[in-house]
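What follows is a set of notes on a single structure, which appears directly below.
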Amino acid sequence: GTKVCENFIVLPQGGIINRPGSHVIKTIPNGTPSGVLAPFIFSTELSMLLRLDEFVLEVYSGDAVLVKSIETKYSWNEVGDVRWLQSADIMYFFHKDHPTYILKRYADDWTFTEVNFENGPFLDANSDKNHKLSLTGDILHSTVPMFDSVTWIGTLIKLEYNVKPKNERLVLEKTVKETETLYNFFGPFSITTTGNWAGTLVIERCDYEDWVGLPENEWEWTTVRTFESTAAIPANYTYTGSIDQYSTHFRLTYIGDSKVTIDWQFTGGMIIRIVKIKDILNETNAIVEIMDKITGDIEPTDAWAEGAFSIRSGFPSIGIFHQGRLVLAGTKKSPSTVWMSKSSSWNDFGISIPLVDSDAITATLASNQVNEIRGFASKNRLVIFTSGSIWAARGNEDIGLITPSSIVVTPSSSEDGIAFVDVIDVGPLSLYVQYHRKMIRSIGYDFSSDTYVSRDMSILSSHIFDEKNAVSMCHQQEPWGLVWCVLSDGTIATMTLQQEHQVTAWTRQNINAFAYSVCSMPGEEQDNVYLYTKRNGTYCIEKMARRIDRTNEHSVYMDGFGLAPTPVVSTLECLDWERPLNSGSSQGRVRDMSSVMVRVFRTCGMTAGVFTEGNSYPIL
């Protein structure tokens, strides 16, 4: 029967309680409307408040004492699209137009640095057989013009070159001195003498760094074996080893009284090299940084792939931890692809040959539409939210772990898209803002259908979102189990949510200021809620007062206390009563009221009665 309920909180037990006010704990002289708040929660005893604004990231204590100010790359119109992901004392920051950064806390010091993802990930391999890349020293050469823009700078390139095995026989004749050079060994090898011979055979080795860039007469050789035979009798010697750096050469020098036969071979194998483009020389040549610390040139190969994260392709816009992996998604070029790091190695996206279960994983949603991935939830499965639908990724049916060979991604029963607002977890549920930002929905696992099912959490209060959108959400677990939702008109809606008791109730909050962002952090006895607002022309960080803080009773029920405070006025209106009739419809008919009963607790004062236009509520 409620018509208006403003500045009240609905209690899980069924009653309502007037909302405490807010305290201005920090004014921001250089603030902008794009500013957002984020919690940095190391533990329930140690939490910090982050304010991200144009080109700055500020770290505050819970009472808004500035701890650190850090310069960032995010302009005012990019800040609202930054997402973050925390684990212990590190926090990743994601934006589709910027490399991923990581905020680290070292005791009282803080750093903010770009993340260097190792060994990928990469886009699909090149499919043009005529487009080949080769590597000579630190120069990457393309047979087809491709480096047409500085956007290539910073891009990873993976080269694969299959070295074919060799098995040959060499005969060195009776001579005073004869030298033979064997080029480009790779993989396990052997050099074996056969037959009857008398003389001295010296084997020398020249690694890549000993010859690259030098004329052959200046190469540096190192003696690795010397074989001798004093008579022309069978003298069979073998030198074996394994070369893991391509472009290693051997030189055989023989002095003898009879010829010697030498069988030499190497098995070859797949060479995988990863480089990062540092500078563009022209459309077919670029200077690169060797990322895998392996030396050696690569002959022309059509087996190459471009890095998935770059200025050209975009960067991840969201991330989550799931089953010990860092999961990333939401690039401009591959909006519906998910990349998972190696197990327990968050920044490593390498794969092995052959694949092992701990290797990195790449999965693209098999859908008729290329909908952008905008959110994740880590449940018993990885829930993937896109702009058009919801998916779930799982692994092996027996153990449930996702591996490169067992990942299965299937759509859920929900076809609801998601807006680019953080997904928040409330117990077994995950709450998200629907694509058009006009409703809050939840998703949870349904055993009967073995899938994830979504439902509208604002169906009975949809008028709250009329002509306004949801822009920021957080969950305050204590004391009432509230979801705070900032709306595009600067007002706030709160939802009391107790899933185990099937309690869902919405109210509206008016703090007499324009709210932009909200977050919640653990505090003593209950969670604290922080708002980024504009009050009387001044940008502020405000902290919601707590009813348990009664040291200054007056301040608890004032909004903006500390900067032009205003009283919190809590309003409750009921739907029109109806006069009972013997026949016909009673809709819209006013009912006589002789008394009203209101149960209150610790109430300072109130008025109650029938509302009439232009008049206040009369006291009965």
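Naming scheme: A, B, ... for chains in displayed order of the structure tokens; residues 1 onward per chain; ligands 1 onward as shown.
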Sorted per-residue table, segment 302-379 of chain A near segment 94-103 of chain A, closest atoms and distance, 10 Å, only C-alpha atoms, as a Markdown table:
```
| residue | atom | partner | partner_atom | distance |
| --- | --- | --- | --- | --- |
| A:Phe309 | CA | A:Pro99 | CA | 7.7 |
| A:Ser310 | CA | A:Pro99 | CA | 7.5 |
| A:Ile311 | CA | A:Asp97 | CA | 7.0 |
| A:Arg312 | CA | A:Asp97 | CA | 9.5 |
| A:Ser313 | CA | A:Lys96 | CA | 9.1 |
| A:Gly314 | CA | A:Lys96 | CA | 5.4 |
| A:Phe315 | CA | A:Lys96 | CA | 4.5 |
| A:Pro316 | CA | A:Lys96 | CA | 5.4 |
| A:Ser317 | CA | A:His95 | CA | 4.5 |
| A:Ile318 | CA | A:Phe94 | CA | 5.8 |
| A:Gly319 | CA | A:Phe94 | CA | 7.5 |
| A:Leu328 | CA | A:Phe94 | CA | 9.2 |
| A:Ala329 | CA | A:Lys96 | CA | 9.4 |
| A:Gly330 | CA | A:Lys96 | CA | 7.1 |
| A:Thr331 | CA | A:Lys96 | CA | 5.7 |
| A:Lys332 | CA | A:Lys96 | CA | 6.7 |
| A:Lys333 | CA | A:Lys96 | CA | 9.9 |
| A:Pro335 | CA | A:Lys96 | CA | 9.9 |
```
Extract, using only C-alpha atoms, all DNA, RNA and protein residues at most 10 Å from Thr504 of chain A, discarding same-chain residues fewer than 4 positions from it, and format them as a PyMOL selection string. chain A and resi 10+12+457-458+460+482+495-499
Got time to write the residues from that selection, all heavy atoms, as a compact mmCIF listing (two decimals), in the first residue's frame?
```txt
# COMPACT_ATOMS: atom_id res chain seq x y z
N VAL A 10 13.99 0.09 4.27
CA VAL A 10 13.10 -1.02 4.62
C VAL A 10 13.92 -2.07 5.36
O VAL A 10 14.94 -2.56 4.85
CB VAL A 10 12.46 -1.63 3.37
CG1 VAL A 10 11.56 -2.80 3.76
CG2 VAL A 10 11.66 -0.58 2.61
N PRO A 12 14.73 -5.76 6.95
CA PRO A 12 14.42 -7.13 6.49
C PRO A 12 13.23 -7.74 7.24
O PRO A 12 12.53 -8.60 6.70
CB PRO A 12 15.71 -7.90 6.79
CG PRO A 12 16.77 -6.86 6.85
CD PRO A 12 16.12 -5.64 7.38
N MET A 457 14.66 -7.77 -10.40
CA MET A 457 14.59 -7.44 -8.97
C MET A 457 13.86 -6.13 -8.72
O MET A 457 13.61 -5.77 -7.56
CB MET A 457 16.00 -7.34 -8.39
CG MET A 457 16.84 -8.58 -8.58
SD MET A 457 16.16 -10.01 -7.71
CE MET A 457 16.56 -9.59 -6.02
N SER A 458 13.52 -5.41 -9.77
CA SER A 458 12.86 -4.11 -9.61
C SER A 458 11.48 -4.08 -10.24
O SER A 458 10.94 -3.01 -10.51
CB SER A 458 13.74 -3.00 -10.21
OG SER A 458 14.09 -3.30 -11.55
N LEU A 460 8.48 -4.54 -9.14
CA LEU A 460 7.43 -3.84 -8.41
C LEU A 460 7.79 -2.39 -8.11
O LEU A 460 6.99 -1.67 -7.50
CB LEU A 460 7.12 -4.57 -7.09
CG LEU A 460 6.61 -6.00 -7.24
CD1 LEU A 460 6.33 -6.63 -5.89
CD2 LEU A 460 5.34 -6.03 -8.10
N LEU A 482 21.83 -3.96 2.21
CA LEU A 482 21.33 -3.00 1.24
C LEU A 482 22.16 -3.00 -0.03
O LEU A 482 23.38 -3.16 0.01
CB LEU A 482 21.35 -1.58 1.82
CG LEU A 482 20.48 -1.31 3.04
CD1 LEU A 482 20.64 0.14 3.47
CD2 LEU A 482 19.02 -1.62 2.74
N MET A 495 17.94 -0.94 -2.24
CA MET A 495 17.16 -2.18 -2.24
C MET A 495 17.59 -3.01 -1.04
O MET A 495 18.77 -3.35 -0.89
CB MET A 495 17.37 -2.97 -3.53
CG MET A 495 16.67 -4.33 -3.52
SD MET A 495 16.78 -5.24 -5.08
CE MET A 495 18.54 -5.37 -5.33
N THR A 496 16.62 -3.33 -0.19
CA THR A 496 16.86 -4.28 0.89
C THR A 496 16.71 -5.67 0.32
O THR A 496 15.66 -6.02 -0.23
CB THR A 496 15.86 -4.06 2.04
OG1 THR A 496 15.94 -2.70 2.47
CG2 THR A 496 16.17 -4.98 3.19
N LEU A 497 17.77 -6.46 0.40
CA LEU A 497 17.78 -7.77 -0.23
C LEU A 497 18.22 -8.83 0.76
O LEU A 497 19.35 -8.80 1.26
CB LEU A 497 18.71 -7.75 -1.45
CG LEU A 497 18.85 -9.06 -2.23
CD1 LEU A 497 17.50 -9.51 -2.78
CD2 LEU A 497 19.85 -8.91 -3.36
N GLN A 498 17.33 -9.72 1.08
CA GLN A 498 17.62 -10.90 1.90
C GLN A 498 17.09 -12.11 1.15
O GLN A 498 15.92 -12.47 1.26
CB GLN A 498 16.95 -10.78 3.28
CG GLN A 498 17.51 -9.67 4.16
CD GLN A 498 18.85 -10.06 4.75
OE1 GLN A 498 19.22 -11.23 4.78
NE2 GLN A 498 19.59 -9.06 5.23
N GLN A 499 17.97 -12.72 0.36
CA GLN A 499 17.55 -13.77 -0.54
C GLN A 499 16.99 -14.97 0.21
O GLN A 499 16.00 -15.58 -0.20
CB GLN A 499 18.72 -14.20 -1.43
CG GLN A 499 18.43 -15.36 -2.34
CD GLN A 499 17.41 -15.05 -3.41
OE1 GLN A 499 17.10 -13.89 -3.64
NE2 GLN A 499 16.88 -16.07 -4.07
```
Quick one: residues within 9 Å of segment 267-273 of chain A, only C-alpha atoms counted, chain neighbours fewer than 2 positions away excluded, as an mmCIF file with N, CA, C and O atoms, in the first residue's frame?
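Saved result, result_4.cif, follows:
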```
data_model
loop_
_atom_site.group_PDB
_atom_site.id
_atom_site.type_symbol
_atom_site.label_atom_id
_atom_site.label_comp_id
_atom_site.auth_asym_id
_atom_site.auth_seq_id
_atom_site.Cartn_x
_atom_site.Cartn_y
_atom_site.Cartn_z
ATOM 1 N N ILE A 157 54.221 -9.908 -31.430
ATOM 2 C CA ILE A 157 54.159 -10.785 -32.606
ATOM 3 C C ILE A 157 54.746 -12.136 -32.209
ATOM 4 O O ILE A 157 55.849 -12.204 -31.660
ATOM 5 N N LYS A 158 54.010 -13.189 -32.483
ATOM 6 C CA LYS A 158 54.526 -14.550 -32.241
ATOM 7 C C LYS A 158 54.876 -15.185 -33.588
ATOM 8 O O LYS A 158 54.046 -15.218 -34.500
ATOM 9 N N LEU A 159 56.116 -15.677 -33.685
ATOM 10 C CA LEU A 159 56.593 -16.334 -34.899
ATOM 11 C C LEU A 159 56.798 -17.817 -34.615
ATOM 12 O O LEU A 159 57.364 -18.187 -33.576
ATOM 13 N N GLU A 160 56.367 -18.636 -35.525
ATOM 14 C CA GLU A 160 56.599 -20.073 -35.431
ATOM 15 C C GLU A 160 57.320 -20.533 -36.693
ATOM 16 O O GLU A 160 56.876 -20.235 -37.807
ATOM 17 N N TYR A 161 58.430 -21.222 -36.499
ATOM 18 C CA TYR A 161 59.195 -21.718 -37.650
ATOM 19 C C TYR A 161 59.591 -23.162 -37.375
ATOM 20 O O TYR A 161 60.205 -23.475 -36.344
ATOM 21 N N ASN A 162 59.215 -24.026 -38.292
ATOM 22 C CA ASN A 162 59.483 -25.450 -38.133
ATOM 23 C C ASN A 162 60.819 -25.795 -38.795
ATOM 24 O O ASN A 162 60.938 -25.779 -40.024
ATOM 25 N N VAL A 163 61.819 -26.087 -37.970
ATOM 26 C CA VAL A 163 63.136 -26.478 -38.477
ATOM 27 C C VAL A 163 63.083 -27.958 -38.837
ATOM 28 O O VAL A 163 62.861 -28.813 -37.970
ATOM 29 N N LYS A 164 63.299 -28.253 -40.086
ATOM 30 C CA LYS A 164 63.233 -29.637 -40.538
ATOM 31 C C LYS A 164 64.497 -30.392 -40.114
ATOM 32 O O LYS A 164 65.584 -29.818 -40.054
ATOM 33 N N PRO A 165 64.365 -31.691 -39.822
ATOM 34 C CA PRO A 165 65.535 -32.460 -39.407
ATOM 35 C C PRO A 165 66.532 -32.632 -40.558
ATOM 36 O O PRO A 165 66.156 -32.604 -41.737
ATOM 37 N N LYS A 166 67.802 -32.795 -40.192
ATOM 38 C CA LYS A 166 68.846 -33.043 -41.182
ATOM 39 C C LYS A 166 69.661 -34.249 -40.749
ATOM 40 O O LYS A 166 69.918 -34.459 -39.559
ATOM 41 N N ASN A 167 70.081 -35.017 -41.749
ATOM 42 C CA ASN A 167 70.897 -36.201 -41.488
ATOM 43 C C ASN A 167 71.801 -36.380 -42.704
ATOM 44 O O ASN A 167 71.365 -36.842 -43.753
ATOM 45 N N PHE A 185 72.047 -25.398 -36.489
ATOM 46 C CA PHE A 185 71.580 -26.581 -35.762
ATOM 47 C C PHE A 185 70.407 -26.186 -34.862
ATOM 48 O O PHE A 185 70.332 -25.070 -34.348
ATOM 49 N N PHE A 186 69.510 -27.164 -34.637
ATOM 50 C CA PHE A 186 68.413 -26.948 -33.683
ATOM 51 C C PHE A 186 67.901 -28.296 -33.216
ATOM 52 O O PHE A 186 67.722 -29.218 -34.008
ATOM 53 N N GLY A 187 67.649 -28.397 -31.916
ATOM 54 C CA GLY A 187 67.165 -29.630 -31.326
ATOM 55 C C GLY A 187 68.308 -30.577 -30.981
ATOM 56 O O GLY A 187 69.492 -30.235 -31.090
ATOM 57 N N PRO A 188 68.001 -31.784 -30.544
ATOM 58 C CA PRO A 188 69.041 -32.772 -30.243
ATOM 59 C C PRO A 188 69.893 -33.060 -31.489
ATOM 60 O O PRO A 188 69.379 -33.159 -32.600
ATOM 61 N N PHE A 189 71.207 -33.225 -31.293
ATOM 62 C CA PHE A 189 72.096 -33.426 -32.430
ATOM 63 C C PHE A 189 73.168 -34.450 -32.064
ATOM 64 O O PHE A 189 73.404 -34.772 -30.892
ATOM 65 N N ILE A 243 70.355 -28.234 -28.942
ATOM 66 C CA ILE A 243 70.401 -26.798 -29.197
ATOM 67 C C ILE A 243 68.984 -26.240 -29.082
ATOM 68 O O ILE A 243 68.069 -26.684 -29.791
ATOM 69 N N ASP A 244 68.771 -25.290 -28.159
ATOM 70 C CA ASP A 244 67.448 -24.684 -28.025
ATOM 71 C C ASP A 244 67.427 -23.253 -28.550
ATOM 72 O O ASP A 244 66.413 -22.564 -28.432
ATOM 73 N N GLN A 245 68.553 -22.792 -29.097
ATOM 74 C CA GLN A 245 68.612 -21.477 -29.714
ATOM 75 C C GLN A 245 69.016 -21.642 -31.178
ATOM 76 O O GLN A 245 70.138 -22.041 -31.477
ATOM 77 N N TYR A 246 68.085 -21.327 -32.049
ATOM 78 C CA TYR A 246 68.333 -21.501 -33.474
ATOM 79 C C TYR A 246 69.487 -20.597 -33.921
ATOM 80 O O TYR A 246 69.799 -19.596 -33.291
ATOM 81 N N GLN A 265 73.755 -35.051 -37.619
ATOM 82 C CA GLN A 265 72.308 -34.904 -37.732
ATOM 83 C C GLN A 265 71.771 -34.034 -36.596
ATOM 84 O O GLN A 265 72.395 -33.912 -35.543
ATOM 85 N N VAL A 275 58.164 -11.355 -30.000
ATOM 86 C CA VAL A 275 58.825 -10.057 -30.048
ATOM 87 C C VAL A 275 57.774 -8.966 -29.865
ATOM 88 O O VAL A 275 56.579 -9.173 -30.100
ATOM 89 N N ILE A 290 63.137 -8.356 -28.105
ATOM 90 C CA ILE A 290 63.009 -9.810 -27.944
ATOM 91 C C ILE A 290 62.422 -10.085 -26.573
ATOM 92 O O ILE A 290 63.018 -9.790 -25.541
ATOM 93 N N MET A 291 61.217 -10.649 -26.526
ATOM 94 C CA MET A 291 60.505 -10.830 -25.261
ATOM 95 C C MET A 291 60.822 -12.149 -24.579
ATOM 96 O O MET A 291 60.680 -12.270 -23.364
ATOM 97 N N ASP A 292 61.219 -13.167 -25.339
ATOM 98 C CA ASP A 292 61.430 -14.484 -24.743
ATOM 99 C C ASP A 292 62.874 -14.741 -24.357
ATOM 100 O O ASP A 292 63.226 -15.839 -23.917
ATOM 101 N N ILE A 294 65.355 -15.428 -25.985
ATOM 102 C CA ILE A 294 66.008 -16.462 -26.777
ATOM 103 C C ILE A 294 66.636 -15.795 -27.993
ATOM 104 O O ILE A 294 66.029 -14.936 -28.621
ATOM 105 N N ILE A 298 65.094 -15.984 -37.401
ATOM 106 C CA ILE A 298 63.984 -16.796 -37.888
ATOM 107 C C ILE A 298 63.865 -16.595 -39.390
ATOM 108 O O ILE A 298 63.753 -15.462 -39.872
ATOM 109 N N ILE A 353 53.607 -27.109 -26.180
ATOM 110 C CA ILE A 353 53.437 -28.076 -27.272
ATOM 111 C C ILE A 353 53.997 -29.411 -26.800
ATOM 112 O O ILE A 353 55.201 -29.537 -26.625
#
```
Can you list, as a compact mmCIF listing (two decimals) with N, CA and C atoms, in the first residue's frame, every protein, DNA or RNA residue that comes within 6 Å of Leu57 of chain A when you count only C-alpha atoms, leaving out same-chain residues fewer than 5 positions away?
```txt
# COMPACT_ATOMS: atom_id res chain seq x y z
N ARG A 51 39.88 7.18 -5.17
CA ARG A 51 39.11 8.09 -6.04
C ARG A 51 39.85 8.21 -7.36
N LEU A 52 39.17 7.80 -8.42
CA LEU A 52 39.74 7.86 -9.75
C LEU A 52 39.08 9.00 -10.50
N SER A 69 48.84 10.21 -4.12
CA SER A 69 48.24 10.71 -5.35
C SER A 69 49.11 10.23 -6.52
N ILE A 70 48.49 9.56 -7.48
CA ILE A 70 49.21 8.90 -8.57
C ILE A 70 48.69 9.43 -9.90
```
Considering only C-alpha atoms, can you say which of A:Gly490, A:Gly560, A:Pro565, A:Gly537 comes closest to Asn30 of chain A? A:Gly537
Which polymer residues have any atom within 9 Å of an atom of Pro39 of chain A, counting only C-alpha atoms, with same-chain residues fewer than 3 positions away left out, as a list in words?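 Selected residues are Ser47, Met48, Leu49, Leu50, Arg51, Cys519, Ser520 and Met521 of chain A.
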Rank A:Thr181, A:Asn130, A:Gln434, A:Ser34 by their smallest atom-to-atom distance to Phe250 of chain A, using only C-alpha atoms, and report the top residue only.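 Smallest distance to Phe250 of chain A is found for A:Thr181.
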Using only C-alpha atoms, which residues sit within 7 Å of segment 14-21 of chain A once same-chain residues fewer than 6 positions away are excluded, as a PDB file with N, CA, C and O atoms, in the first residue's frame?
```
ATOM      1  N   ASN A   7      13.751   8.508   1.744  1.00  0.00           N
ATOM      2  CA  ASN A   7      14.683   8.655   2.871  1.00  0.00           C
ATOM      3  C   ASN A   7      14.333   7.720   4.023  1.00  0.00           C
ATOM      4  O   ASN A   7      14.551   8.043   5.196  1.00  0.00           O
ATOM      5  N   PHE A   8      13.761   6.584   3.684  1.00  0.00           N
ATOM      6  CA  PHE A   8      13.577   5.485   4.622  1.00  0.00           C
ATOM      7  C   PHE A   8      14.393   4.287   4.145  1.00  0.00           C
ATOM      8  O   PHE A   8      14.718   4.164   2.959  1.00  0.00           O
ATOM      9  N   MET A 544      28.211   8.034   4.559  1.00  0.00           N
ATOM     10  CA  MET A 544      26.899   7.925   5.171  1.00  0.00           C
ATOM     11  C   MET A 544      27.048   7.745   6.675  1.00  0.00           C
ATOM     12  O   MET A 544      27.861   6.950   7.154  1.00  0.00           O
ATOM     13  N   ALA A 545      26.264   8.529   7.410  1.00  0.00           N
ATOM     14  CA  ALA A 545      26.296   8.418   8.869  1.00  0.00           C
ATOM     15  C   ALA A 545      25.712   7.080   9.305  1.00  0.00           C
ATOM     16  O   ALA A 545      25.062   6.378   8.515  1.00  0.00           O
ATOM     17  N   ARG A 546      25.963   6.738  10.555  1.00  0.00           N
ATOM     18  CA  ARG A 546      25.515   5.450  11.075  1.00  0.00           C
ATOM     19  C   ARG A 546      24.674   5.693  12.326  1.00  0.00           C
ATOM     20  O   ARG A 546      25.034   6.488  13.193  1.00  0.00           O
ATOM     21  N   ARG A 547      23.571   5.013  12.430  1.00  0.00           N
ATOM     22  CA  ARG A 547      22.682   5.210  13.576  1.00  0.00           C
ATOM     23  C   ARG A 547      23.347   4.817  14.892  1.00  0.00           C
ATOM     24  O   ARG A 547      22.965   5.287  15.955  1.00  0.00           O
ATOM     25  N   VAL A 556      23.960  13.018  12.918  1.00  0.00           N
ATOM     26  CA  VAL A 556      23.606  11.737  12.319  1.00  0.00           C
ATOM     27  C   VAL A 556      22.471  11.898  11.311  1.00  0.00           C
ATOM     28  O   VAL A 556      22.382  11.172  10.327  1.00  0.00           O
ATOM     29  N   TYR A 557      21.596  12.876  11.518  1.00  0.00           N
ATOM     30  CA  TYR A 557      20.419  13.028  10.666  1.00  0.00           C
ATOM     31  C   TYR A 557      20.476  14.313   9.840  1.00  0.00           C
ATOM     32  O   TYR A 557      19.464  14.935   9.562  1.00  0.00           O
ATOM     33  N   MET A 558      21.707  14.680   9.426  1.00  0.00           N
ATOM     34  CA  MET A 558      21.916  15.826   8.546  1.00  0.00           C
ATOM     35  C   MET A 558      22.659  15.353   7.298  1.00  0.00           C
ATOM     36  O   MET A 558      23.657  14.647   7.399  1.00  0.00           O
ATOM     37  N   ASP A 559      22.158  15.734   6.124  1.00  0.00           N
ATOM     38  CA  ASP A 559      22.875  15.457   4.880  1.00  0.00           C
ATOM     39  C   ASP A 559      23.878  16.569   4.619  1.00  0.00           C
ATOM     40  O   ASP A 559      23.576  17.756   4.802  1.00  0.00           O
ATOM     41  N   VAL A 568      17.608  15.555   7.158  1.00  0.00           N
ATOM     42  CA  VAL A 568      17.049  14.425   6.426  1.00  0.00           C
ATOM     43  C   VAL A 568      15.552  14.378   6.697  1.00  0.00           C
ATOM     44  O   VAL A 568      15.134  14.159   7.838  1.00  0.00           O
ATOM     45  N   SER A 570      12.269  12.411   6.030  1.00  0.00           N
ATOM     46  CA  SER A 570      11.786  11.108   5.580  1.00  0.00           C
ATOM     47  C   SER A 570      10.283  11.176   5.358  1.00  0.00           C
ATOM     48  O   SER A 570       9.543  11.628   6.246  1.00  0.00           O
TER      49      SER A 570
END
```
What does the distance from atom CA of Leu156 of chain A to atom CA of Gly137 of chain A come to in Å, to one decimal? 16.3 Å
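By chain and then residue number, the residues within 7 Å of segment 473-475 of chain A are Ile424, Gln477, Leu482, Val483, Trp484, Cys485, Val486, Val518, Cys519 and Ser520 of chain A, counting only C-alpha atoms and disregarding those fewer than 2 positions away in sequence.
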Here is a test: counting only C-alpha atoms, which residue of A:Gly324, A:Pro522, A:Gly62, A:Gly120 is nearest to Thr403 of chain A?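 Counting only C-alpha atoms, the residue closest to Thr403 of chain A is A:Gly324.
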Atomic separation - atom CA of Glu168 of chain A relative to atom CA of Thr230 of chain A, Å: 25.7 Å
Would you please work out which residue, of A:Ala608, A:Gln509, A:Arg441, A:Asn528, is nearest to Glu6 of chain A when using only C-alpha atoms?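 Of all the options, A:Gln509 lies closest to Glu6 of chain A.
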If DSSP is run on the backbone, what residues of segment 448-557 of chain A are alpha helix (DSSP H)? A reply as a list in words would be ideal.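 Going through segment 448-557 of chain A, the alpha helix (DSSP H) residues come out as Glu553, His554, Ser555 and Val556 of chain A.
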Which residue is closest to Gly444 of chain A? Choose from A:Tyr432, A:Phe561, A:Tyr106, A:Phe117 and count only C-alpha atoms.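 Answer, going by the shortest atom-to-atom distance: A:Tyr432.
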In Å, rounded to a single decimal, give me how far atom CA of His322 of chain A is from atom CA of Asp108 of chain A. 29.1 Å
